[in-house]
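**Q** Here it is: the structure, laid out below.
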Amino acid sequence: MPHPILQLAGLSKTFPGQVALDQVDLEVRSQSIHALLGHNGSGKSTLIKLLSGFEKPDYGYRARLNGDSVDLWEDRRHTQQHIRIVHQDLGLVGNLNAIENLALGRGYHTNALGTIDWKQEAQRAQDLLRGLGILPDVRKPVGALSRAEQTYVALGRALQGWQDYRTGLLILDEPTASLQSAEVGFLFRTMRQVRDQGAGMLYVSHRLDEVLEIADYVSILQDGRKVHSGPVAKLTKAELVSLLTQGQQRARSFPKAAPGKKVVLECNSVYSPRLRGVDFKLYAGEILGIAGLIGSGRDEIGAVLFGALPRFAGRVLVEKQKVYAHPREAILKGMGYVPSDRKRLGLVERHRVYEHLTLPDLSRNTNRFGHIRRSQELEDVEAWCRTVDLRPLDLFRRMHKFSGGNQQKAVLARWMRLKPKVLILDEPTQGVDIQSREVIYQLIVEACQAGSSLVICSADAEELALLCHRVIVLKAGIKVADLSGPYLTPERIEQEASGTSNRRRGMRVHQHEIATTVVR
């Protein structure tokens, strides 16, 4: 008989300058798969971190696990016995084999001499993975296994040691993001087996087809709040899209001056690990959006254009000049890039504000001997900090002490200072508060008005519809739509990205038209 495994009431999490999760209620029952949906920044990752004990919740919530009251932070050792997680990045050590990765969480079996019994460890790993339906080479480094095999190793690590599935909650964070359709079907069979043994499952995904196929219940988060929760059986994909985009229409709008006819950036048949011959043109004074689900190529195309990720084939041209696949070359040709992983790739956390903003180009504040004119540099930096409304306005404050929104403002200011011909923004408002988001939107528009052409890669369909002149949609590394004019709506972007409006793998479209024309 199904029973509630996890019950949450009033769960919240506040970071400096940002409410990441706001009074969320959630119930996951045994023998059920509960889908968790929401755009980037909606609070899904924060919820998982709270359930895993990685972050401490705000005071005032209530949590029950198998009917018993628990503190997700204080009792995390107890909750981890019942709550298992397969993270999106899998969390495997690539140079260790499956045996070693499986043993990291539970320890090794030793013989009478106190040494590791590798034969028994190998047999244990084989039995576990065979029970899930696969049998990879358990002595091979997991980095050399296929993505599907790696997913199963991570899944096996999460499930090992469970004595009673009826009291367990398994959380799967985007497990199918890098899997092919046949591999997805195989994983779903395994998920159903785990569910039928009595476990409750929380399944995070952006792929609506998969949610409709596998999930029993669905909850949707938006800006840290739960906006919908209920059974999946009565929902269609169009209704799910509508629920995901409801209430997102902002009252304000931004002026969109018509772009010019001059081609500033040209992408010709670009191939990368996920891109499959992408073509597009960016025009002078244009803001071009790139949409798509995780794994579609949307999350890597910015880095590929800038040369931060490898480009297997194709050409990238800035004002008809070829740009080789290297960041230094891209900067010299007039490109700037703000990555989505702000903390790891976007800033140097130990740098002070003035050091951070002037890092890409020190020459404009140096004398003829190459020495930095500090007073001139500080005047330059202060002007840009006022432009982006950096708070607090402390030029000597280290970057890691700012809130996420102010860090993002500083990253934007660093590139806007160079007045690039092409500015590529990857998830520019990810993890920032609402007030900072509005400031960033205004800065994007001002950068365009100042002469830069912009490419915005984002999972937020409403954000793209609000800011962009045109949006191209990627699916499985292929451009499947080019939207503008009356077709440029959050609903249409979501439909094209998820395949609701057209089930073909790809289509050819006319670019830079007022309205989209599909060439059949």
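Residue numbers start at 1 in each chain; chains themselves are named A, B, ... in the order of the structure tokens; ligands are numbered from 1 in the order shown.
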Neighbours of Gln407 (chain A) within 12 Å (only C-alpha atoms; same-chain residues fewer than 5 positions away dropped), as a PyMOL selection string?
**A** chain A and resi 16-17+338+341-343+346-349+351-353+356-357+385+388-392+397-402+412-414+428-433+436-437+440
**Q** Selection from above, C-alpha atoms, as a compact mmCIF listing (two decimals), in the first residue's frame, can you write it?
**A**
# COMPACT_ATOMS: atom_id res chain seq x y z
CA PRO A 16 22.72 36.65 0.60
CA GLY A 17 20.57 38.81 -1.65
CA VAL A 338 30.26 35.36 -19.97
CA ASP A 341 29.46 28.74 -14.39
CA ARG A 342 30.21 32.11 -12.88
CA LYS A 343 32.20 30.97 -9.85
CA GLY A 346 33.53 33.68 -14.90
CA LEU A 347 35.55 35.35 -12.18
CA VAL A 348 38.64 35.10 -9.98
CA GLU A 349 37.09 34.97 -6.53
CA HIS A 351 40.64 39.22 -6.91
CA ARG A 352 39.56 42.64 -5.75
CA VAL A 353 36.96 44.47 -7.82
CA HIS A 356 38.76 41.76 -11.75
CA LEU A 357 37.31 44.44 -14.06
CA CYS A 385 30.82 49.96 -11.10
CA VAL A 388 26.24 48.44 -13.41
CA ASP A 389 25.03 49.51 -9.93
CA LEU A 390 27.51 47.31 -8.06
CA ARG A 391 26.62 47.08 -4.37
CA PRO A 392 28.46 47.80 -2.19
CA ARG A 397 36.39 44.24 -1.85
CA ARG A 398 37.21 40.69 -2.96
CA MET A 399 34.83 39.13 -5.46
CA HIS A 400 33.83 36.13 -3.34
CA LYS A 401 32.30 38.50 -0.74
CA PHE A 402 29.66 39.83 -3.16
CA LEU A 412 29.26 41.87 -17.29
CA ALA A 413 31.06 45.14 -16.59
CA ARG A 414 34.43 43.51 -17.29
CA PRO A 428 23.24 35.63 -17.77
CA THR A 429 20.69 35.67 -14.92
CA GLN A 430 21.21 32.19 -13.49
CA GLY A 431 21.21 32.24 -9.68
CA VAL A 432 20.61 36.00 -9.25
CA ASP A 433 17.83 37.79 -7.38
CA SER A 436 19.70 42.17 -10.04
CA ARG A 437 18.01 40.37 -12.93
CA ILE A 440 21.23 42.86 -15.94
**Q** Would you give me, as a tab-separated table (two decimals) with all heavy atoms, in the first residue's frame, the residues in region 318-400 of chain A that DSSP reads as strand (DSSP E or B)?
**A**
chain	number	residue	atom	x	y	z
A	318	VAL	N	33.99	36.84	-37.60
A	318	VAL	CA	33.57	38.12	-37.04
A	318	VAL	C	33.92	39.19	-38.06
A	318	VAL	O	35.10	39.41	-38.37
A	318	VAL	CB	34.26	38.40	-35.69
A	318	VAL	CG1	33.94	39.81	-35.22
A	318	VAL	CG2	33.81	37.40	-34.64
A	321	GLN	N	36.16	38.05	-40.79
A	321	GLN	CA	37.49	37.59	-40.42
A	321	GLN	C	37.37	36.28	-39.64
A	321	GLN	O	36.61	36.19	-38.68
A	321	GLN	CB	38.22	38.63	-39.56
A	321	GLN	CG	38.55	39.90	-40.32
A	321	GLN	CD	39.41	40.84	-39.48
A	321	GLN	OE1	39.89	40.48	-38.41
A	321	GLN	NE2	39.62	42.05	-39.98
A	322	LYS	N	38.13	35.28	-40.06
A	322	LYS	CA	38.06	33.97	-39.42
A	322	LYS	C	38.60	34.03	-37.99
A	322	LYS	O	39.64	34.63	-37.73
A	322	LYS	CB	38.86	32.94	-40.23
A	322	LYS	CG	38.71	31.52	-39.73
A	322	LYS	CD	39.38	30.53	-40.66
A	322	LYS	CE	39.20	29.09	-40.17
A	322	LYS	NZ	39.83	28.11	-41.07
A	335	MET	N	35.46	39.61	-29.56
A	335	MET	CA	34.41	38.82	-28.91
A	335	MET	C	34.60	38.83	-27.40
A	335	MET	O	35.72	38.92	-26.89
A	335	MET	CB	34.43	37.37	-29.41
A	335	MET	CG	34.14	37.22	-30.89
A	335	MET	SD	34.25	35.48	-31.44
A	335	MET	CE	32.82	34.77	-30.64
A	336	GLY	N	33.49	38.76	-26.68
A	336	GLY	CA	33.50	38.61	-25.23
A	336	GLY	C	32.59	37.47	-24.84
A	336	GLY	O	31.65	37.15	-25.57
A	337	TYR	N	32.84	36.84	-23.69
A	337	TYR	CA	32.07	35.66	-23.31
A	337	TYR	C	31.87	35.62	-21.81
A	337	TYR	O	32.83	35.68	-21.04
A	337	TYR	CB	32.79	34.40	-23.78
A	337	TYR	CG	32.17	33.10	-23.32
A	337	TYR	CD1	30.83	32.82	-23.56
A	337	TYR	CD2	32.93	32.16	-22.63
A	337	TYR	CE1	30.27	31.62	-23.14
A	337	TYR	CE2	32.38	30.95	-22.21
A	337	TYR	CZ	31.05	30.70	-22.46
A	337	TYR	OH	30.48	29.52	-22.03
A	338	VAL	N	30.61	35.54	-21.38
A	338	VAL	CA	30.26	35.36	-19.97
A	338	VAL	C	29.73	33.95	-19.81
A	338	VAL	O	28.63	33.63	-20.27
A	338	VAL	CB	29.20	36.39	-19.53
A	338	VAL	CG1	28.79	36.13	-18.08
A	338	VAL	CG2	29.73	37.81	-19.68
A	352	ARG	N	40.35	41.47	-6.14
A	352	ARG	CA	39.56	42.64	-5.75
A	352	ARG	C	38.81	43.15	-6.97
A	352	ARG	O	39.12	42.78	-8.11
A	352	ARG	CB	40.46	43.72	-5.15
A	352	ARG	CG	41.27	43.23	-3.95
A	352	ARG	CD	42.12	44.34	-3.36
A	352	ARG	NE	43.05	43.82	-2.38
A	352	ARG	CZ	42.75	43.56	-1.10
A	352	ARG	NH1	41.53	43.79	-0.67
A	352	ARG	NH2	43.66	43.08	-0.28
A	366	THR	N	47.92	51.82	-18.55
A	366	THR	CA	49.36	51.70	-18.31
A	366	THR	C	50.10	52.85	-18.99
A	366	THR	O	49.60	53.43	-19.97
A	366	THR	CB	49.91	50.37	-18.84
A	366	THR	OG1	49.61	50.25	-20.23
A	366	THR	CG2	49.29	49.20	-18.08
A	372	ILE	N	51.21	50.10	-14.47
A	372	ILE	CA	49.80	50.46	-14.32
A	372	ILE	C	49.67	51.78	-13.57
A	372	ILE	O	50.28	51.97	-12.50
A	372	ILE	CB	49.03	49.36	-13.55
A	372	ILE	CG1	49.03	48.07	-14.37
A	372	ILE	CG2	47.60	49.79	-13.25
A	372	ILE	CD1	48.39	46.90	-13.67
A	398	ARG	N	36.94	41.88	-2.16
A	398	ARG	CA	37.21	40.69	-2.96
A	398	ARG	C	35.92	40.13	-3.52
A	398	ARG	O	34.86	40.20	-2.90
A	398	ARG	CB	37.96	39.65	-2.13
A	398	ARG	CG	39.32	40.13	-1.66
A	398	ARG	CD	40.16	39.01	-1.09
A	398	ARG	NE	41.41	39.52	-0.53
A	398	ARG	CZ	42.50	39.78	-1.22
A	398	ARG	NH1	42.52	39.57	-2.53
A	398	ARG	NH2	43.58	40.23	-0.64
**Q** Between A:Ile171, A:Ile301, A:Ala450, A:Ala383, which one has atoms that come closest to Tyr354 (chain A), using only C-alpha atoms?
**A** A:Ala383
**Q** Taking the chain letters and numbering used in this document, name the residues of region 15-180 of chain A that DSSP puts in alpha helix (DSSP H), as a PyMOL selection string.
**A** chain A and resi 44-52+76-79+98-103+118-132+147-159
**Q** Of the candidates A:Leu145, A:Leu454, A:Leu483, A:Ile214, which one gets nearest to Leu282 (chain A) if we count only C-alpha atoms?
**A**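 Among A:Leu145, A:Leu454, A:Leu483, A:Ile214, it is A:Leu454 that comes nearest to Leu282 (chain A).
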**Q** Taking only C-alpha atoms into account, which of A:Val323, A:Leu378, A:Val411, A:Leu359 comes nearest Leu265 (chain A)?
**A**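 Nearest to Leu265 (chain A): A:Val323.
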**Q** What's the 8 Å shell around Asp279 (chain A), counting only C-alpha atoms, without same-chain residues fewer than 4 positions away, as a count of residues only?
**A** 6
**Q** In terms of the shortest atom-to-atom distance over only C-alpha atoms, which of A:Lys256, A:Asp299, A:Asn367, A:Cys448 is closest to Ser484 (chain A)?
**A** A:Lys256
**Q** Could you jot down the CA of Cys457 (chain A) to CA of Val264 (chain A) separation for me, Å, one decimal place?
**A** 17.5 Å
**Q** Fewer than 4 positions away in the same chain doesn't count, so skip those; otherwise give me all residues within 7 Å of Ala459 (chain A), counting only C-alpha atoms, as JSON, numbers by chain.
**A** {"A": [39, 40, 291, 292, 293]}
